[in-house]
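Peer 1: One file is attached below, input.csv, containing CSV, C-alpha atoms and all ligand atoms.
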```csv
chain,number,residue,atom,x,y,z
A,1,MET,CA,73.9,99.0,-181.1
A,2,ALA,CA,71.5,100.8,-178.7
A,3,THR,CA,69.4,103.4,-180.6
A,4,GLU,CA,66.6,105.8,-179.6
A,5,ALA,CA,64.2,103.0,-180.4
A,6,HIS,CA,66.0,100.7,-178.0
A,7,THR,CA,65.8,103.3,-175.3
A,8,ARG,CA,62.1,103.9,-175.9
A,9,LEU,CA,61.5,100.1,-175.7
A,10,GLN,CA,63.3,100.0,-172.3
A,11,ASP,CA,61.3,102.9,-171.2
A,12,ILE,CA,58.0,101.2,-172.0
A,13,MET,CA,59.2,98.0,-170.3
A,14,SER,CA,60.1,99.9,-167.2
A,15,ARG,CA,56.4,100.9,-166.8
A,16,ARG,CA,55.1,97.3,-166.3
A,17,PRO,CA,53.1,97.5,-169.6
A,18,VAL,CA,49.9,95.7,-170.2
A,19,ILE,CA,50.2,94.7,-173.9
A,20,LEU,CA,47.7,93.8,-176.5
A,21,ALA,CA,48.7,90.5,-178.0
A,22,PRO,CA,49.1,89.9,-181.7
A,23,MET,CA,46.0,88.1,-182.9
A,24,GLU,CA,45.3,87.3,-186.5
A,25,ASP,CA,42.1,89.1,-187.8
A,26,VAL,CA,41.7,90.8,-184.4
A,27,SER,CA,44.7,93.1,-183.5
A,28,ASP,CA,44.3,95.4,-186.5
A,29,GLY,CA,44.7,99.1,-186.5
A,30,VAL,CA,41.1,99.7,-185.4
A,31,PHE,CA,41.3,97.4,-182.5
A,32,ARG,CA,44.7,98.6,-181.5
A,33,ALA,CA,43.4,102.2,-181.3
A,34,LEU,CA,40.4,101.1,-179.3
A,35,CYS,CA,42.5,99.1,-176.8
A,36,ARG,CA,45.0,102.0,-176.5
A,37,THR,CA,42.2,104.3,-175.4
A,38,LEU,CA,41.4,101.7,-172.7
A,39,GLY,CA,44.9,101.6,-171.4
A,40,ALA,CA,47.0,99.2,-173.5
A,41,GLU,CA,50.5,100.7,-173.4
A,42,LEU,CA,51.8,98.7,-176.3
A,43,CYS,CA,50.3,96.8,-179.2
A,44,VAL,CA,51.6,94.2,-181.5
A,45,THR,CA,50.1,93.7,-185.0
A,46,GLU,CA,48.7,90.4,-186.0
A,47,PHE,CA,51.4,88.3,-187.6
A,48,VAL,CA,52.4,89.2,-191.1
A,49,ASN,CA,53.6,86.6,-193.6
A,50,ALA,CA,57.1,87.3,-194.6
A,51,GLU,CA,56.6,85.8,-198.1
A,52,GLY,CA,53.5,87.8,-198.6
A,53,LEU,CA,55.4,91.0,-197.7
A,54,LEU,CA,58.2,90.1,-200.1
A,55,ARG,CA,55.7,89.4,-202.9
A,56,GLY,CA,54.1,92.8,-202.3
A,57,CYS,CA,50.8,91.1,-201.4
A,58,ARG,CA,48.1,93.7,-200.6
A,59,THR,CA,47.0,92.1,-197.3
A,60,ALA,CA,50.5,91.9,-196.0
A,61,LYS,CA,51.2,95.6,-196.9
A,62,ARG,CA,47.9,96.7,-195.3
A,63,LYS,CA,48.9,94.8,-192.1
A,64,ILE,CA,52.2,96.7,-191.7
A,65,THR,CA,50.7,100.1,-192.4
A,66,LEU,CA,50.5,102.0,-189.2
A,67,ALA,CA,48.6,105.2,-188.7
A,68,PRO,CA,50.6,108.1,-187.3
A,69,ASP,CA,49.0,107.8,-183.9
A,70,ASP,CA,49.4,104.0,-183.8
A,71,ARG,CA,52.3,104.1,-181.4
A,72,PRO,CA,53.9,102.3,-179.7
A,73,THR,CA,53.1,99.3,-181.9
A,74,ALA,CA,55.4,96.5,-183.0
A,75,ILE,CA,55.1,94.7,-186.3
A,76,GLN,CA,55.1,90.9,-186.0
A,77,ILE,CA,56.3,88.8,-188.9
A,78,TYR,CA,56.5,85.1,-189.4
A,79,GLY,CA,58.2,82.7,-191.9
A,80,SER,CA,60.4,79.6,-192.0
A,81,ASP,CA,63.4,80.9,-193.9
A,82,ALA,CA,65.8,83.0,-191.9
A,83,SER,CA,67.1,85.1,-194.8
A,84,ARG,CA,63.6,85.7,-196.2
A,85,LEU,CA,62.5,86.7,-192.7
A,86,ALA,CA,65.4,89.1,-192.5
A,87,GLU,CA,64.4,90.7,-195.8
A,88,ALA,CA,60.8,91.0,-194.6
A,89,ALA,CA,62.0,92.5,-191.3
A,90,ARG,CA,63.8,95.2,-193.4
A,91,MET,CA,60.5,96.0,-195.2
A,92,ALA,CA,58.6,96.0,-191.9
A,93,GLU,CA,61.2,98.4,-190.5
A,94,ALA,CA,60.4,100.9,-193.2
A,95,ALA,CA,56.9,101.1,-191.9
A,96,ALA,CA,58.4,102.7,-188.7
A,97,PRO,CA,57.0,100.4,-186.0
A,98,SER,CA,58.4,100.6,-182.5
A,99,PHE,CA,60.2,97.3,-183.0
A,100,ILE,CA,60.1,94.1,-184.9
A,101,ASP,CA,58.7,91.0,-183.3
A,102,ILE,CA,59.4,87.5,-184.7
A,103,ASN,CA,56.6,84.9,-184.3
A,104,CYS,CA,58.1,81.7,-183.0
A,105,GLY,CA,55.0,80.6,-181.2
A,106,CYS,CA,52.2,79.9,-183.7
A,107,TRP,CA,51.1,76.3,-183.3
A,108,VAL,CA,48.7,76.1,-186.2
A,109,PRO,CA,49.8,73.1,-188.3
A,110,LYS,CA,49.8,75.0,-191.6
A,111,VAL,CA,52.3,77.5,-190.1
A,112,SER,CA,54.4,75.4,-187.6
A,113,GLY,CA,54.3,72.3,-189.8
A,114,ARG,CA,56.3,74.3,-192.4
A,115,GLY,CA,58.9,75.4,-189.9
A,116,ALA,CA,57.5,78.9,-189.2
A,117,GLY,CA,56.0,80.1,-185.9
A,118,ALA,CA,56.4,77.4,-183.2
A,119,GLY,CA,58.1,75.3,-185.8
A,120,TRP,CA,61.3,77.1,-184.9
A,121,LEU,CA,61.1,75.5,-181.4
A,122,ARG,CA,61.9,72.1,-183.0
A,123,ASN,CA,65.3,73.4,-183.8
A,124,PRO,CA,66.4,76.0,-181.2
A,125,GLN,CA,69.9,76.3,-182.7
A,126,LYS,CA,68.4,77.4,-186.1
A,127,MET,CA,66.0,79.7,-184.2
A,128,VAL,CA,68.9,81.5,-182.5
A,129,GLU,CA,70.8,81.8,-185.7
A,130,MET,CA,67.7,83.3,-187.4
A,131,ALA,CA,67.4,85.8,-184.6
A,132,ARG,CA,71.1,86.7,-184.8
A,133,LEU,CA,70.7,87.3,-188.6
A,134,ILE,CA,67.7,89.6,-188.1
A,135,VAL,CA,69.2,91.5,-185.2
A,136,GLY,CA,72.2,92.2,-187.4
A,137,ILE,CA,70.2,93.4,-190.3
A,138,VAL,CA,67.6,95.8,-188.8
A,139,GLY,CA,68.3,98.9,-186.8
A,140,LEU,CA,65.1,98.6,-184.7
A,141,PRO,CA,65.0,96.4,-181.6
A,142,VAL,CA,64.1,92.8,-182.5
A,143,THR,CA,61.9,90.8,-180.0
A,144,VAL,CA,60.7,87.2,-180.1
A,145,LYS,CA,57.4,85.8,-179.1
A,146,THR,CA,57.5,82.1,-178.4
A,147,ARG,CA,56.2,79.3,-176.2
A,148,ILE,CA,57.9,77.3,-173.5
A,149,GLY,CA,58.7,74.4,-175.8
A,150,TRP,CA,57.4,72.3,-178.7
A,151,GLY,CA,56.0,69.3,-176.9
A,152,PRO,CA,55.7,67.8,-173.5
A,153,GLU,CA,59.2,67.7,-172.1
A,154,SER,CA,60.3,67.7,-168.4
A,155,GLU,CA,62.9,70.5,-169.0
A,156,MET,CA,61.5,73.1,-171.3
A,157,PRO,CA,63.9,74.6,-173.9
A,158,ILE,CA,62.8,78.1,-173.1
A,159,ILE,CA,65.3,78.6,-170.3
A,160,ASP,CA,68.3,77.9,-172.5
A,161,LEU,CA,66.7,79.6,-175.4
A,162,ALA,CA,66.1,82.8,-173.5
A,163,ARG,CA,69.8,83.0,-172.6
A,164,ARG,CA,70.9,82.4,-176.2
A,165,LEU,CA,68.4,84.8,-177.7
A,166,GLU,CA,69.6,87.5,-175.3
A,167,ASP,CA,73.2,86.7,-176.3
A,168,VAL,CA,72.5,87.3,-180.0
A,169,GLY,CA,70.9,90.7,-179.2
A,170,VAL,CA,67.2,90.1,-179.0
A,171,SER,CA,65.8,93.0,-177.0
A,172,ALA,CA,62.8,91.3,-175.3
A,173,LEU,CA,61.1,88.0,-175.1
A,174,THR,CA,57.4,87.2,-174.8
A,175,ILE,CA,56.6,83.8,-173.5
A,176,HIS,CA,53.2,82.2,-174.1
A,177,CYS,CA,53.4,79.7,-171.2
A,178,ARG,CA,52.2,76.6,-173.0
A,179,VAL,CA,53.9,74.1,-175.3
A,180,ALA,CA,53.1,74.4,-179.0
A,181,GLN,CA,51.5,71.0,-179.1
A,182,VAL,CA,48.6,71.9,-176.9
A,183,GLY,CA,47.5,75.0,-178.8
A,184,HIS,CA,45.4,77.0,-176.4
A,185,SER,CA,44.2,74.1,-174.2
A,186,GLY,CA,45.1,73.4,-170.6
A,187,PRO,CA,46.3,76.1,-168.2
A,188,ALA,CA,49.3,78.3,-168.9
A,189,ASP,CA,52.2,77.7,-166.6
A,190,TRP,CA,53.6,81.1,-165.7
A,191,SER,CA,56.4,79.5,-163.6
A,192,TRP,CA,58.4,79.1,-166.9
A,193,ALA,CA,58.3,82.8,-167.5
A,194,ARG,CA,59.7,83.3,-164.1
A,195,ARG,CA,62.5,80.8,-164.6
A,196,ALA,CA,63.4,82.3,-168.0
A,197,ARG,CA,63.2,85.8,-166.5
A,198,GLU,CA,65.7,84.8,-163.8
A,199,VAL,CA,68.4,83.9,-166.3
A,200,VAL,CA,68.3,87.0,-168.5
A,201,ALA,CA,68.6,90.7,-168.2
A,202,ILE,CA,66.3,91.6,-171.1
A,203,PRO,CA,62.6,92.2,-170.4
A,204,VAL,CA,60.5,89.1,-170.4
A,205,ILE,CA,56.7,89.4,-171.0
A,206,VAL,CA,54.4,86.8,-169.6
A,207,ASN,CA,51.5,85.7,-171.7
A,208,GLY,CA,48.7,83.1,-171.4
A,209,ASP,CA,45.4,83.1,-169.4
A,210,VAL,CA,45.5,86.7,-168.2
A,211,ARG,CA,41.8,87.3,-167.9
A,212,SER,CA,41.4,90.1,-165.3
A,213,GLY,CA,43.2,92.9,-163.6
A,214,ALA,CA,43.9,90.6,-160.7
A,215,ASP,CA,45.4,88.0,-163.0
A,216,ALA,CA,47.7,90.7,-164.5
A,217,GLU,CA,48.9,91.7,-161.1
A,218,ARG,CA,49.4,88.0,-160.0
A,219,ALA,CA,51.2,87.2,-163.2
A,220,LEU,CA,53.7,90.0,-162.7
A,221,ALA,CA,54.1,89.2,-158.9
A,222,GLU,CA,54.6,85.5,-159.5
A,223,THR,CA,57.1,85.9,-162.4
A,224,GLY,CA,58.8,89.2,-161.8
A,225,CYS,CA,58.3,89.8,-165.5
A,226,ALA,CA,58.6,93.3,-167.1
A,227,GLY,CA,55.1,93.2,-168.6
A,228,VAL,CA,52.1,91.2,-169.3
A,229,MET,CA,50.4,90.4,-172.6
A,230,VAL,CA,46.6,89.9,-173.0
A,231,GLY,CA,45.1,88.1,-175.9
A,232,ARG,CA,41.6,86.4,-175.9
A,233,GLN,CA,40.2,88.3,-173.0
A,234,ALA,CA,40.7,91.6,-174.8
A,235,ILE,CA,38.5,90.3,-177.7
A,236,ASP,CA,35.5,90.2,-175.3
A,237,HIS,CA,36.5,92.7,-172.7
A,238,PRO,CA,39.1,95.3,-173.8
A,239,TRP,CA,38.4,97.1,-170.5
A,240,ILE,CA,40.8,94.6,-169.1
A,241,PHE,CA,43.6,97.1,-169.9
A,242,ARG,CA,42.3,99.9,-167.7
A,243,GLU,CA,41.3,97.3,-165.0
A,244,ALA,CA,44.8,95.9,-165.0
A,245,ARG,CA,46.3,99.4,-164.9
A,246,ALA,CA,44.2,100.2,-161.9
A,247,ARG,CA,45.3,97.1,-160.1
A,248,LEU,CA,49.0,97.6,-160.9
A,249,ASP,CA,49.2,101.3,-160.2
A,250,ARG,CA,46.6,101.9,-157.5
A,251,GLY,CA,45.9,98.4,-156.2
A,252,ILE,CA,42.2,98.8,-156.7
A,253,ASP,CA,39.5,96.9,-158.6
A,254,LEU,CA,37.6,99.1,-161.0
A,255,PRO,CA,33.9,98.5,-161.4
A,256,GLY,CA,33.1,96.9,-164.7
A,257,PRO,CA,32.0,99.0,-167.7
A,258,THR,CA,28.6,100.6,-167.5
A,259,PRO,CA,25.8,99.6,-169.9
A,260,ALA,CA,26.3,103.0,-171.6
A,261,GLU,CA,30.0,102.2,-172.1
A,262,ARG,CA,29.2,98.8,-173.4
A,263,PHE,CA,26.8,100.1,-176.0
A,264,ALA,CA,29.2,103.0,-176.9
A,265,LEU,CA,32.0,100.5,-177.6
A,266,CYS,CA,29.8,98.4,-179.9
A,267,ARG,CA,29.0,101.5,-181.9
A,268,ALA,CA,32.5,102.9,-182.0
A,269,HIS,CA,34.0,99.6,-183.1
A,270,LEU,CA,31.3,99.0,-185.8
A,271,ARG,CA,31.7,102.6,-187.1
A,272,ALA,CA,35.5,102.4,-187.1
A,273,ASN,CA,35.6,99.0,-188.9
A,274,VAL,CA,33.1,100.1,-191.5
A,275,ALA,CA,35.1,103.4,-192.1
A,276,GLU,CA,38.3,101.2,-192.5
A,277,ARG,CA,36.9,98.3,-194.5
A,278,GLY,CA,33.6,99.3,-195.9
A,279,LEU,CA,30.4,97.2,-195.9
A,280,PRO,CA,29.6,94.5,-195.2
A,281,TYR,CA,33.0,93.4,-194.1
A,282,GLY,CA,33.4,96.1,-191.5
A,283,VAL,CA,30.3,94.9,-189.8
A,284,ARG,CA,31.1,91.3,-190.1
A,285,VAL,CA,34.6,91.6,-188.6
A,286,THR,CA,33.2,93.4,-185.6
A,287,ARG,CA,30.8,90.6,-184.8
A,288,ARG,CA,33.2,88.4,-182.9
A,289,HIS,CA,33.5,91.2,-180.3
A,290,LEU,CA,29.9,92.1,-179.8
A,291,ALA,CA,28.8,89.2,-177.6
A,292,GLY,CA,31.6,90.0,-175.1
A,293,TYR,CA,30.9,93.8,-175.2
A,294,LEU,CA,27.2,93.2,-174.4
A,295,ARG,CA,27.8,90.5,-171.8
A,296,GLY,CA,25.8,90.8,-168.7
A,297,LEU,CA,23.2,93.2,-170.1
A,298,PRO,CA,19.6,92.1,-169.9
A,299,ASP,CA,18.5,90.3,-173.1
A,300,ALA,CA,22.1,90.2,-174.3
A,301,ALA,CA,21.7,86.8,-176.0
A,302,ALA,CA,18.7,87.9,-178.0
A,303,LEU,CA,20.4,91.2,-178.9
A,304,ARG,CA,23.5,89.4,-180.0
A,305,ARG,CA,21.4,87.0,-182.2
A,306,THR,CA,19.8,89.9,-183.9
A,307,LEU,CA,23.1,91.7,-184.6
A,308,LEU,CA,24.7,88.5,-185.8
A,309,VAL,CA,22.6,88.4,-189.0
A,310,GLU,CA,22.7,92.2,-189.7
A,311,ASP,CA,25.1,93.4,-192.4
A,312,SER,CA,23.9,97.0,-192.5
A,313,LEU,CA,25.7,99.5,-190.2
A,314,GLU,CA,22.6,101.7,-189.9
A,315,ARG,CA,20.5,98.8,-188.8
A,316,CYS,CA,23.1,97.6,-186.2
A,317,LEU,CA,23.2,101.1,-184.8
A,318,GLU,CA,19.4,101.3,-184.7
A,319,ILE,CA,19.2,98.0,-182.9
A,320,LEU,CA,21.8,99.1,-180.4
A,321,ASP,CA,20.0,102.4,-179.8
A,322,ALA,CA,16.7,100.7,-179.3
A,323,ALA,CA,18.2,98.2,-176.9
A,324,GLU,CA,19.9,101.0,-174.9
A,325,ALA,CA,16.7,103.1,-174.8
A,326,ALA,CA,14.7,100.0,-173.6
A,327,LEU,CA,17.3,99.4,-170.9
A,328,GLU,CA,17.1,103.1,-169.8
A,329,ARG,CA,13.3,102.9,-169.6
A,330,ARG,CA,13.5,99.7,-167.5
A,331,VAL,CA,16.0,101.3,-165.1
A,332,ALA,CA,13.9,104.4,-164.8
A,333,ALA,CA,10.6,102.5,-164.2
B,401,LIG,C1,42.3,84.6,-182.7
B,401,LIG,C2,43.8,84.5,-182.3
B,401,LIG,C3,44.8,84.8,-183.2
B,401,LIG,C4,46.1,84.8,-182.8
B,401,LIG,N1,47.1,85.2,-183.7
B,401,LIG,C5,48.4,85.4,-183.2
B,401,LIG,C6,49.3,86.0,-184.0
B,401,LIG,O1,49.1,86.5,-185.1
B,401,LIG,N2,50.6,86.0,-183.5
B,401,LIG,C7,50.9,85.5,-182.3
B,401,LIG,O2,52.1,85.6,-181.9
B,401,LIG,N3,50.0,84.9,-181.5
B,401,LIG,C8,48.8,84.9,-182.0
B,401,LIG,N4,47.8,84.3,-181.1
B,401,LIG,C9,48.2,83.9,-179.8
B,401,LIG,C10,48.1,85.1,-178.8
B,401,LIG,O3,48.9,86.2,-179.1
B,401,LIG,C11,48.4,84.6,-177.3
B,401,LIG,O4,49.7,84.2,-177.3
B,401,LIG,C12,47.5,83.5,-176.9
B,401,LIG,O5,46.1,83.7,-177.2
B,401,LIG,C13,47.6,83.3,-175.3
B,401,LIG,O6,47.2,84.5,-174.7
B,401,LIG,P1,45.7,84.6,-174.0
B,401,LIG,O7,45.6,83.5,-173.0
B,401,LIG,O8,45.8,86.0,-173.3
B,401,LIG,O9,44.7,84.6,-175.1
B,401,LIG,C14,46.5,84.3,-181.5
B,401,LIG,C15,45.5,83.9,-180.6
B,401,LIG,C16,44.1,84.0,-181.0
B,401,LIG,C17,43.1,83.6,-180.0
```
Starting from the file, lay out its structure as structure tokens.

Peer 2:
Amino acid sequence: MATEAHTRLQDIMSRRPVILAPMEDVSDGVFRALCRTLGAELCVTEFVNAEGLLRGCRTAKRKITLAPDDRPTAIQIYGSDASRLAEAARMAEAAAPSFIDINCGCWVPKVSGRGAGAGWLRNPQKMVEMARLIVGIVGLPVTVKTRIGWGPESEMPIIDLARRLEDVGVSALTIHCRVAQVGHSGPADWSWARRAREVVAIPVIVNGDVRSGADAERALAETGCAGVMVGRQAIDHPWIFREARARLDRGIDLPGPTPAERFALCRAHLRANVAERGLPYGVRVTRRHLAGYLRGLPDAAALRRTLLVEDSLERCLEILDAAEAALERRVAA
């Protein structure tokens, strides 16, 4: 049954959204807020273990807690048992996300080997039945993120699967255009997203190897998909969202971020993570982003090495302030 949430999802999809991918230990509330200010129209939480949710595990509960302004955001869940996933979907629904996304694409052996994530691709019939069950139980739209298939096959199951998932009421489909067995290696083949898109009326989102605004434009042009999802490039360069928006809406290439913006993002991300998680964890979880944020600045490698061993927020901020002041002096000289 179409609800307001279904209409809102359709509305988002009509705007050719550039979407922040679900990424474990990356796409948390802090990072989602930051990407949203840079132009991400829609975010998806990192995947949340259905069993963890049902056990009341603190980490799982934290992951589904959305701040009031964390909208539109979908909660992604994963698990290997359809009825447990359905129960978890009900719990996730109570956290009022924009929709529920089911992870059918995680290739990591400890997940897929147990039948969760991409493990569902080994039994498409079961996957479709699982989706049917969840669509029937939750009121919010249900979407699926998956891959083109499990292993090397000449005819990927994604085409048939897309049709069948649409038939059971799935509201949108994200396709990471690789098979599960390759993990993240080799190029993503967007042509599968095009072929799947051609056989369904629901929105299809293309994912894999979108690393620039020009890539986002090309991915949408080549596939005709409704939206594009960005993962790894956002970790290093979340400005990709505004760059993609500028290409899609105005056909222009934005200049890259200024040094001042790069330093400001390091500070903002560090501060927000420390406010959210305390010390030293807040500083430590920000580290994976800093090299990318500082890329291209003079002495970036040395700066990154200094920051990598610093657990104190104050010291990190001092180091960044000093580096920025030194750069300003250099430019002025
Ligand atoms: C660190 C990391 C964590 C990820 N965690 C998830 C996850 O929780 N759920 C999911 O569906 N995909 C996850 N992915 C896969 C991404 O969402 C995305 O499909 C993949 O990285 C391909 O897109 P990209 O080429 O833009 O990175 C993860 C990827 C990375 C690099």

Peer 1: Dump as a tab-separated table the rows for residues of chain A within 9 Å of ligand LIG 401 (chain B): closest atom pair and distance in Å with one decimal, all atoms listed in the file counted, ordered by chain and rising residue number.

Peer 2:
```
residue	atom	partner	partner_atom	distance
A:Leu20	CA	B:LIG401	O3	8.1
A:Ala21	CA	B:LIG401	O3	4.4
A:Pro22	CA	B:LIG401	O3	4.5
A:Met23	CA	B:LIG401	N1	3.2
A:Glu24	CA	B:LIG401	N1	3.9
A:Asp25	CA	B:LIG401	C1	6.8
A:Val26	CA	B:LIG401	C1	6.5
A:Ser27	CA	B:LIG401	O1	8.1
A:Val44	CA	B:LIG401	N2	8.5
A:Thr45	CA	B:LIG401	O1	7.3
A:Glu46	CA	B:LIG401	O1	4.0
A:Phe47	CA	B:LIG401	O1	3.8
A:Val48	CA	B:LIG401	O1	7.4
A:Gln76	CA	B:LIG401	N2	7.1
A:Ile77	CA	B:LIG401	N2	8.3
A:Tyr78	CA	B:LIG401	N2	8.4
A:Asp101	CA	B:LIG401	O2	8.6
A:Ile102	CA	B:LIG401	O2	8.0
A:Asn103	CA	B:LIG401	O2	5.1
A:Cys104	CA	B:LIG401	O2	7.2
A:Gly105	CA	B:LIG401	O2	5.8
A:Cys106	CA	B:LIG401	N3	5.9
A:Trp107	CA	B:LIG401	N3	8.9
A:Gly117	CA	B:LIG401	O2	7.8
A:Val144	CA	B:LIG401	O2	8.9
A:Lys145	CA	B:LIG401	O2	6.0
A:Thr146	CA	B:LIG401	O2	7.3
A:Arg147	CA	B:LIG401	O4	8.2
A:Thr174	CA	B:LIG401	O4	8.6
A:Ile175	CA	B:LIG401	O4	7.9
A:His176	CA	B:LIG401	O4	5.1
A:Cys177	CA	B:LIG401	C13	8.0
A:Arg178	CA	B:LIG401	C13	8.4
A:Gly183	CA	B:LIG401	C12	8.7
A:His184	CA	B:LIG401	C13	6.8
A:Pro187	CA	B:LIG401	O7	8.8
A:Ala188	CA	B:LIG401	O7	7.6
A:Asn207	CA	B:LIG401	O6	5.4
A:Gly208	CA	B:LIG401	O7	3.5
A:Asp209	CA	B:LIG401	O7	3.6
A:Val210	CA	B:LIG401	O8	5.2
A:Arg211	CA	B:LIG401	O8	6.8
A:Met229	CA	B:LIG401	O8	6.4
A:Val230	CA	B:LIG401	O8	4.0
A:Gly231	CA	B:LIG401	O8	3.4
A:Arg232	CA	B:LIG401	O9	3.7
A:Gln233	CA	B:LIG401	O8	6.1
A:Ala234	CA	B:LIG401	O8	7.7
A:Ile235	CA	B:LIG401	C17	8.4
```

Peer 1: Store the residues picked out above, limited to C-alpha atoms, as an mmCIF file, in the coordinates of the input.

Peer 2:
```cif
data_model
loop_
_atom_site.group_PDB
_atom_site.id
_atom_site.type_symbol
_atom_site.label_atom_id
_atom_site.label_comp_id
_atom_site.auth_asym_id
_atom_site.auth_seq_id
_atom_site.Cartn_x
_atom_site.Cartn_y
_atom_site.Cartn_z
ATOM 1 C CA LEU A 20 47.700 93.800 -176.500
ATOM 2 C CA ALA A 21 48.700 90.500 -178.000
ATOM 3 C CA PRO A 22 49.100 89.900 -181.700
ATOM 4 C CA MET A 23 46.000 88.100 -182.900
ATOM 5 C CA GLU A 24 45.300 87.300 -186.500
ATOM 6 C CA ASP A 25 42.100 89.100 -187.800
ATOM 7 C CA VAL A 26 41.700 90.800 -184.400
ATOM 8 C CA SER A 27 44.700 93.100 -183.500
ATOM 9 C CA VAL A 44 51.600 94.200 -181.500
ATOM 10 C CA THR A 45 50.100 93.700 -185.000
ATOM 11 C CA GLU A 46 48.700 90.400 -186.000
ATOM 12 C CA PHE A 47 51.400 88.300 -187.600
ATOM 13 C CA VAL A 48 52.400 89.200 -191.100
ATOM 14 C CA GLN A 76 55.100 90.900 -186.000
ATOM 15 C CA ILE A 77 56.300 88.800 -188.900
ATOM 16 C CA TYR A 78 56.500 85.100 -189.400
ATOM 17 C CA ASP A 101 58.700 91.000 -183.300
ATOM 18 C CA ILE A 102 59.400 87.500 -184.700
ATOM 19 C CA ASN A 103 56.600 84.900 -184.300
ATOM 20 C CA CYS A 104 58.100 81.700 -183.000
ATOM 21 C CA GLY A 105 55.000 80.600 -181.200
ATOM 22 C CA CYS A 106 52.200 79.900 -183.700
ATOM 23 C CA TRP A 107 51.100 76.300 -183.300
ATOM 24 C CA GLY A 117 56.000 80.100 -185.900
ATOM 25 C CA VAL A 144 60.700 87.200 -180.100
ATOM 26 C CA LYS A 145 57.400 85.800 -179.100
ATOM 27 C CA THR A 146 57.500 82.100 -178.400
ATOM 28 C CA ARG A 147 56.200 79.300 -176.200
ATOM 29 C CA THR A 174 57.400 87.200 -174.800
ATOM 30 C CA ILE A 175 56.600 83.800 -173.500
ATOM 31 C CA HIS A 176 53.200 82.200 -174.100
ATOM 32 C CA CYS A 177 53.400 79.700 -171.200
ATOM 33 C CA ARG A 178 52.200 76.600 -173.000
ATOM 34 C CA GLY A 183 47.500 75.000 -178.800
ATOM 35 C CA HIS A 184 45.400 77.000 -176.400
ATOM 36 C CA PRO A 187 46.300 76.100 -168.200
ATOM 37 C CA ALA A 188 49.300 78.300 -168.900
ATOM 38 C CA ASN A 207 51.500 85.700 -171.700
ATOM 39 C CA GLY A 208 48.700 83.100 -171.400
ATOM 40 C CA ASP A 209 45.400 83.100 -169.400
ATOM 41 C CA VAL A 210 45.500 86.700 -168.200
ATOM 42 C CA ARG A 211 41.800 87.300 -167.900
ATOM 43 C CA MET A 229 50.400 90.400 -172.600
ATOM 44 C CA VAL A 230 46.600 89.900 -173.000
ATOM 45 C CA GLY A 231 45.100 88.100 -175.900
ATOM 46 C CA ARG A 232 41.600 86.400 -175.900
ATOM 47 C CA GLN A 233 40.200 88.300 -173.000
ATOM 48 C CA ALA A 234 40.700 91.600 -174.800
ATOM 49 C CA ILE A 235 38.500 90.300 -177.700
#
```

Peer 1: Under the rule that all atoms listed in the file are counted, which of A:Glu217, A:Glu310, A:Asp249, A:Glu318 is the nearest residue to A:Val285?

Peer 2: A:Glu310

Peer 1: Can you list, as a list in words, every protein, DNA or RNA residue that comes within 9 Å of A:Ser212 when you count all atoms listed in the file, leaving out same-chain residues fewer than 6 positions away?

Peer 2: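 Residues meeting the cut-off are Gln233, Ile240, Phe241, Glu243 and Ala244 of chain A.
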
Peer 1: Counting all atoms listed in the file, which residue out of A:Pro259, A:Gly139, A:Gly151, A:Pro97 sits closest to A:Leu121?

Peer 2: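 Ranking A:Pro259, A:Gly139, A:Gly151, A:Pro97 by distance to A:Leu121, first place goes to A:Gly151.
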
Peer 1: Select, from A:Ala74, A:Gly29, A:Leu317, A:Arg90, the residue with the minimum atom-to-atom distance to A:Leu303, counting all atoms listed in the file.

Peer 2: A:Leu317

Peer 1: In Å, how far is it from atom CA of A:Leu313 to atom CA of A:His289?

Peer 2: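 Interatomic distance here is 15.1 Å.
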
Peer 1: Would you pick out the contacts of A:Pro238 at 9 Å or less, using all atoms listed in the file, so that residues sharing its chain but fewer than 4 positions from it are not included, and give the list as an MDAnalysis selection string?

Peer 2: chainID A and resid 34:35 38:40 233:234 242 293

Peer 1: For the atom pair atom CA of A:Leu220 and atom CA of A:Leu165, what is the interatomic distance in Å to one decimal place?

Peer 2: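 Calculated distance between atom CA of A:Leu220 and atom CA of A:Leu165 is 21.6 Å.
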
Peer 1: Considering all atoms listed in the file, state which residue in the set A:Leu327, A:Glu198, A:Gly169, A:Asn49 is at the smallest distance from A:Ala260.

Peer 2: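 The answer is A:Leu327, which sits nearest to A:Ala260.
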
Peer 1: Write out as JSON, numbers by chain the residues lying within 10 Å of A:Ile137, counting only C-alpha atoms and excluding same-chain residues fewer than 4 positions away.

Peer 2: {"A": [83, 86, 87, 89, 90, 131, 132, 133, 142]}

Peer 1: Grab the atom CA of A:Ser80 to atom CA of A:Ser112 distance for me, in Å with one decimal place.

Peer 2: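 These atoms are spaced 8.5 Å apart.
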
Peer 1: Need to verify the contact set: A:Pro298, 12 Å, all atoms listed in the file, exclusion of same-chain residues closer than 4 positions in sequence. Can you return it as a ChimeraX atom specification?

Peer 2: /A:259,294,302-304,323-324,326-328,330-331
